[in-house]
Amino acid sequence: MRPPVLNSATKVYIAGHRGLVGSALVRALRRRGLPDPVVATSAELDLRDRAATARFLARESPDVVVLAAARVGGIAANAAQPAEFLSDNLRIQLAVLDAARAQGVPRVLFLGSSCIYPKLAPQPIREDALLTGPLEPTNSAYAIAKIAGIEHVRAVRAQDGLPWISAMPTNLYGPGDNFHPTASHVLPGLLRRFHEARESGAASVVVWGTGTPRREFLHADDAAEACLHLLEHFDGPDPVNVGTGTDVTIAELAGLVAEVVGFTGRVEFDTSKPDGTPRKVLDVGVLRGLGWAPRTGLREGLESTYRWYLESLALPEQRAVRGLEVAQ
Ligand SMILES: NC(=O)c1ccc[n+]([C@@H]2O[C@H](COP(=O)([O-])OP(=O)(O)OC[C@H]3O[C@@H](n4cnc5c(N)ncnc54)[C@H](OP(=O)(O)O)[C@@H]3O)[C@@H](O)[C@H]2O)c1
């Protein structure tokens with residue numbers, strides 16, 4: 001079956017539309033002048049509830065489903081609650097993918113994460129590194145759930161011939177990110193800590209580890225554009241990496257965040273804390289080959305994310321949603 005093209009008649013359901021990726025997808029559809037997607041918050045529809053999810057998809061009957069709903073968190077959250085990360089993500093995926101299959105939804109984009117790849121995968125990480133070695137233990141529960149999702153997409157393709165696809169984004173950041181002091185990812189966590197240090201006049205900010213690990217960061221708006229590009233131009237059983245293909249050290253990132261926030265104190269590294277893997281960057285050759293490249297540079301992306309963060313601090317409803325209500 002040929003994938004449906006995105007146009008004004010295409011009904012898109014974005015699962016997780018209030019999240020970092022989901023909200024960027026809503027913006028990306030609007031930028032293209034496409035109709036607003038079908039959406040539901042987790043309070044309106046708990047996607048772990050199979051029966052409710054099946055009823056919702058039967059009622060809405062979308063042409064395209066983007067599965068951007070998941071239990072997502074940084075190292076600390078993954079390490080503290082592996083059972084929830086495994087169970088919630090498996091249940092969300094099973095409910096949504098089974099319901100979409102029952103409806104014969106022609107096009108599904110399943111979003112995984114670069115943590116599905118082995119801890120010691122050769123860098124930059126190619127898609128065919130999947131299942132070639134042991135996972136990073138701190139987020140293996142989450143990664144196993146995501147790998148099950150990739151396999152689910154492959155299985156439906158093989159059995160039903162539906163052109164469902166999977167995308168594996170690198171570390172993402174941007175407006176709508178989660179700034180929770182313990183549950184957030186490294187970049188929003190640094191933005192918040194440098195901001196609070198500047199506000200309080202602190203002399204220094206302590207960053208975990210040696211600062212030498214290299215990591216890749218992609219703006220969520222670029223990730224959303226890449227997802228739409230894949231929906232329009234890709235059909236295949238293997239996941240496609242979504243990233244920039246370039247990396248920075250954590251020390252460079254911290255320096256950039258300090259500049260953007262206007263923090264002029266010292267940056268100290270707590271070398272008693274773990275570094276994680278020395279380098280993690282995706283090979284984005286497949287996505288580039290499909291004619292897509294990111295547009296947002298890291299400094300520019302950090303500046304707009306920081307502007308959004310400052311605006312959000314002034315909005316009580318944003319504070320409630322994205323972890324901003326939690327004091328350090
Ligand atoms: N953030 C990253 O750096 C990153 C990197 C690579 C891949 N990804 C992938 O991208 C996808 C989206 O991540 P994200 O960063 O956008 O996450 P996020 O900001 O935490 O948003 C997740 C969304 O999922 C929804 N959700 C969670 N549990 C739900 C449930 N039980 N029922 C219904 N909705 C539920 C939430 O809905 P409500 O807001 O309505 O509660 C929320 O909007 C995930 O699959 C993740 O693995 C993210």
# chains A, B, ... in the order shown; residues from 1 in each chain; ligands from 1

$ residues_near_ligand --ligand "ligand 1" --cutoff "8 Å" --atoms "only C-alpha atoms and all ligand atoms" --output "PyMOL selection string"
chain A and resi 15-23+40-49+67-73+88-89+92+110-115+146+168-173+176-178+185+321

$ write_last_selection --atoms "C-alpha atoms" --output "CSV table (one decimal), in the first residue's frame"
chain,number,residue,atom,x,y,z
A,15,ALA,CA,-0.9,10.8,20.6
A,16,GLY,CA,1.0,13.0,23.2
A,17,HIS,CA,0.2,16.4,21.7
A,18,ARG,CA,1.1,18.3,24.8
A,19,GLY,CA,4.6,16.8,25.1
A,20,LEU,CA,7.9,18.1,23.7
A,21,VAL,CA,7.6,16.2,20.4
A,22,GLY,CA,3.8,16.2,20.2
A,23,SER,CA,3.4,20.0,20.6
A,40,ALA,CA,-6.7,14.0,23.6
A,41,THR,CA,-4.8,14.7,26.9
A,42,SER,CA,-3.9,11.8,29.2
A,43,ALA,CA,-6.7,13.0,31.5
A,44,GLU,CA,-9.2,12.6,28.7
A,45,LEU,CA,-7.8,9.4,27.4
A,46,ASP,CA,-5.3,7.2,29.3
A,47,LEU,CA,-3.6,5.3,26.5
A,48,ARG,CA,-2.8,2.5,28.9
A,49,ASP,CA,-6.5,1.7,28.8
A,67,LEU,CA,2.7,7.8,18.6
A,68,ALA,CA,4.5,10.5,20.6
A,69,ALA,CA,2.9,9.6,23.9
A,70,ALA,CA,5.2,7.8,26.3
A,71,ARG,CA,6.5,7.9,29.9
A,72,VAL,CA,9.7,9.8,29.3
A,73,GLY,CA,12.5,10.9,31.7
A,88,ASP,CA,3.5,2.2,31.0
A,89,ASN,CA,5.3,2.3,27.7
A,92,ILE,CA,0.6,2.6,25.7
A,110,PHE,CA,6.1,5.1,16.1
A,111,LEU,CA,8.6,7.2,18.0
A,112,GLY,CA,11.4,5.4,19.8
A,113,SER,CA,14.6,6.8,21.1
A,114,SER,CA,18.3,6.5,20.5
A,115,CYS,CA,18.6,4.6,23.9
A,146,LYS,CA,10.7,0.8,22.7
A,168,MET,CA,14.5,7.0,16.6
A,169,PRO,CA,15.2,10.6,17.6
A,170,THR,CA,18.4,11.6,19.4
A,171,ASN,CA,18.3,13.8,22.6
A,172,LEU,CA,15.6,16.5,21.9
A,173,TYR,CA,15.0,19.9,23.5
A,176,GLY,CA,7.4,22.4,25.8
A,177,ASP,CA,10.4,20.5,27.4
A,178,ASN,CA,10.2,19.1,30.9
A,185,HIS,CA,16.9,15.4,30.6
A,321,VAL,CA,2.3,20.9,33.3

$ select_by_dssp --residues "stretch 114-294 of chain A" --states "strand (DSSP E or B)" --output "NGL selection string"
:A and (125 or 165-169 or 171-173 or 204-208 or 214-215 or 217-219 or 240-242 or 248-249 or 266-270 or 279-280 or 282)

$ closest_residue --among "A:Pro124, A:Pro175, A:Pro274, A:Tyr306" --to "A:Thr244" --atoms "only C-alpha atoms"
A:Pro124

$ residues_around --residues "A:His229" --least-positions-apart "3" --cutoff "9 Å" --atoms "only C-alpha atoms" --output "mmCIF file with N, CA and C atoms, in the first residue's frame"
data_model
loop_
_atom_site.group_PDB
_atom_site.id
_atom_site.type_symbol
_atom_site.label_atom_id
_atom_site.label_comp_id
_atom_site.auth_asym_id
_atom_site.auth_seq_id
_atom_site.Cartn_x
_atom_site.Cartn_y
_atom_site.Cartn_z
ATOM 1 N N ALA A 224 10.181 17.345 14.668
ATOM 2 C CA ALA A 224 8.813 17.250 14.140
ATOM 3 C C ALA A 224 8.822 17.341 12.614
ATOM 4 N N GLU A 225 9.647 18.260 12.076
ATOM 5 C CA GLU A 225 9.754 18.367 10.606
ATOM 6 C C GLU A 225 10.276 17.058 10.022
ATOM 7 N N ALA A 226 11.249 16.448 10.709
ATOM 8 C CA ALA A 226 11.796 15.174 10.224
ATOM 9 C C ALA A 226 10.709 14.092 10.233
ATOM 10 N N GLU A 232 6.027 11.446 4.681
ATOM 11 C CA GLU A 232 5.813 11.731 3.256
ATOM 12 C C GLU A 232 6.746 10.959 2.329
ATOM 13 N N HIS A 233 7.947 10.612 2.848
ATOM 14 C CA HIS A 233 8.964 10.112 1.914
ATOM 15 C C HIS A 233 9.560 8.754 2.262
ATOM 16 N N PHE A 234 9.138 8.151 3.359
ATOM 17 C CA PHE A 234 9.806 6.903 3.747
ATOM 18 C C PHE A 234 8.802 5.782 3.951
ATOM 19 N N LEU A 290 17.224 10.835 2.368
ATOM 20 C CA LEU A 290 15.825 11.093 2.018
ATOM 21 C C LEU A 290 15.586 12.586 1.775
ATOM 22 N N GLY A 291 16.663 13.378 1.880
ATOM 23 C CA GLY A 291 16.554 14.799 1.535
ATOM 24 C C GLY A 291 16.205 15.711 2.697
ATOM 25 N N TRP A 292 16.461 15.263 3.947
ATOM 26 C CA TRP A 292 16.132 16.124 5.086
ATOM 27 C C TRP A 292 17.377 16.481 5.891
#

$ residues_around --residues "A:Arg107" --least-positions-apart "3" --cutoff "12 Å" --atoms "only C-alpha atoms" --output "NGL selection string"
:A and (1-6 or 10-13 or 61-67 or 97 or 100-101 or 103-104 or 110 or 153 or 156-157 or 161-166 or 228 or 230-232 or 234-236)

$ write_last_selection --atoms "N, CA and C atoms" --output "CSV table (one decimal), in the first residue's frame"
chain,number,residue,atom,x,y,z
A,1,MET,N,0.8,-1.2,0.0
A,1,MET,CA,0.0,0.0,0.0
A,1,MET,C,0.9,1.3,0.0
A,2,ARG,N,0.5,2.2,-0.8
A,2,ARG,CA,1.3,3.5,-0.8
A,2,ARG,C,0.9,4.4,0.3
A,3,PRO,N,1.9,4.9,1.1
A,3,PRO,CA,1.6,5.8,2.2
A,3,PRO,C,0.7,7.0,1.7
A,4,PRO,N,-0.3,7.4,2.5
A,4,PRO,CA,-1.1,8.5,2.1
A,4,PRO,C,-0.3,9.8,2.3
A,5,VAL,N,-0.5,10.7,1.4
A,5,VAL,CA,0.3,12.0,1.4
A,5,VAL,C,-0.4,12.9,2.4
A,6,LEU,N,0.3,13.8,3.1
A,6,LEU,CA,-0.3,14.7,4.1
A,6,LEU,C,-0.9,15.8,3.3
A,10,THR,N,-6.2,14.9,5.0
A,10,THR,CA,-5.7,13.8,5.8
A,10,THR,C,-6.0,14.1,7.3
A,11,LYS,N,-6.6,13.1,8.0
A,11,LYS,CA,-6.9,13.2,9.4
A,11,LYS,C,-5.7,12.6,10.2
A,12,VAL,N,-5.0,13.4,10.9
A,12,VAL,CA,-3.9,13.0,11.7
A,12,VAL,C,-4.2,12.9,13.2
A,13,TYR,N,-3.9,11.8,13.9
A,13,TYR,CA,-4.0,11.8,15.3
A,13,TYR,C,-2.6,11.8,15.9
A,61,SER,N,-11.2,7.3,13.6
A,61,SER,CA,-10.8,6.7,12.4
A,61,SER,C,-9.8,7.6,11.6
A,62,PRO,N,-8.6,7.9,12.2
A,62,PRO,CA,-7.6,8.7,11.5
A,62,PRO,C,-7.0,8.0,10.4
A,63,ASP,N,-6.4,8.8,9.4
A,63,ASP,CA,-5.6,8.3,8.3
A,63,ASP,C,-4.1,8.0,8.8
A,64,VAL,N,-3.7,8.9,9.7
A,64,VAL,CA,-2.3,8.8,10.2
A,64,VAL,C,-2.3,8.9,11.7
A,65,VAL,N,-1.5,8.0,12.4
A,65,VAL,CA,-1.3,8.1,13.8
A,65,VAL,C,0.1,8.3,14.1
A,66,VAL,N,0.5,9.3,14.9
A,66,VAL,CA,1.8,9.5,15.3
A,66,VAL,C,1.9,9.2,16.8
A,67,LEU,N,2.6,8.2,17.2
A,67,LEU,CA,2.7,7.8,18.6
A,67,LEU,C,3.8,8.5,19.3
A,97,LEU,N,-1.2,0.7,19.1
A,97,LEU,CA,-0.9,0.0,17.9
A,97,LEU,C,-1.9,-1.1,17.6
A,100,ALA,N,-5.0,0.8,16.3
A,100,ALA,CA,-4.7,1.3,15.0
A,100,ALA,C,-4.8,0.1,14.0
A,101,ARG,N,-4.3,-1.0,14.4
A,101,ARG,CA,-4.3,-2.2,13.5
A,101,ARG,C,-5.8,-2.7,13.3
A,103,GLN,N,-8.3,-0.9,13.3
A,103,GLN,CA,-9.0,0.0,12.4
A,103,GLN,C,-8.4,0.0,11.0
A,104,GLY,N,-7.3,-0.7,10.8
A,104,GLY,CA,-6.6,-0.6,9.5
A,104,GLY,C,-6.0,0.7,9.2
A,110,PHE,N,5.8,5.4,14.7
A,110,PHE,CA,6.1,5.1,16.1
A,110,PHE,C,7.4,5.7,16.4
A,153,VAL,N,5.8,-2.7,15.0
A,153,VAL,CA,5.6,-2.1,13.7
A,153,VAL,C,6.0,-3.0,12.5
A,156,VAL,N,3.4,-5.9,12.1
A,156,VAL,CA,2.1,-5.5,11.4
A,156,VAL,C,2.4,-5.3,9.9
A,157,ARG,N,3.6,-4.7,9.6
A,157,ARG,CA,3.9,-4.5,8.2
A,157,ARG,C,4.0,-5.9,7.5
A,161,GLY,N,0.7,-5.8,5.7
A,161,GLY,CA,1.1,-5.0,4.5
A,161,GLY,C,0.9,-3.5,4.7
A,162,LEU,N,0.7,-3.1,6.0
A,162,LEU,CA,0.5,-1.7,6.2
A,162,LEU,C,1.8,-0.9,6.2
A,163,PRO,N,1.9,0.3,5.6
A,163,PRO,CA,3.2,1.0,5.6
A,163,PRO,C,3.5,1.8,6.8
A,164,TRP,N,3.5,1.1,8.0
A,164,TRP,CA,3.9,1.7,9.2
A,164,TRP,C,5.4,1.8,9.3
A,165,ILE,N,5.8,2.9,10.1
A,165,ILE,CA,7.3,3.2,10.2
A,165,ILE,C,7.6,3.6,11.6
A,166,SER,N,8.9,3.5,11.9
A,166,SER,CA,9.5,3.9,13.2
A,166,SER,C,10.6,4.9,13.0
A,228,LEU,N,7.4,14.5,9.8
A,228,LEU,CA,6.5,14.7,8.7
A,228,LEU,C,7.2,14.3,7.4
A,230,LEU,N,9.5,12.0,7.0
A,230,LEU,CA,9.4,10.5,6.9
A,230,LEU,C,8.1,10.1,6.5
A,231,LEU,N,7.0,10.7,7.1
A,231,LEU,CA,5.6,10.2,6.7
A,231,LEU,C,5.4,10.4,5.2
A,232,GLU,N,6.0,11.4,4.7
A,232,GLU,CA,5.8,11.7,3.3
A,232,GLU,C,6.7,11.0,2.3
A,234,PHE,N,9.1,8.2,3.4
A,234,PHE,CA,9.8,6.9,3.7
A,234,PHE,C,8.8,5.8,4.0
A,235,ASP,N,9.2,4.6,3.5
A,235,ASP,CA,8.4,3.4,3.8
A,235,ASP,C,9.4,2.2,3.9
A,236,GLY,N,9.6,1.7,5.1
A,236,GLY,CA,10.5,0.6,5.3
A,236,GLY,C,10.3,0.1,6.7

$ closest_residue --among "A:Ala148, A:Arg198, A:Leu109, A:Thr212" --to "A:Cys227" --atoms "only C-alpha atoms"
A:Leu109
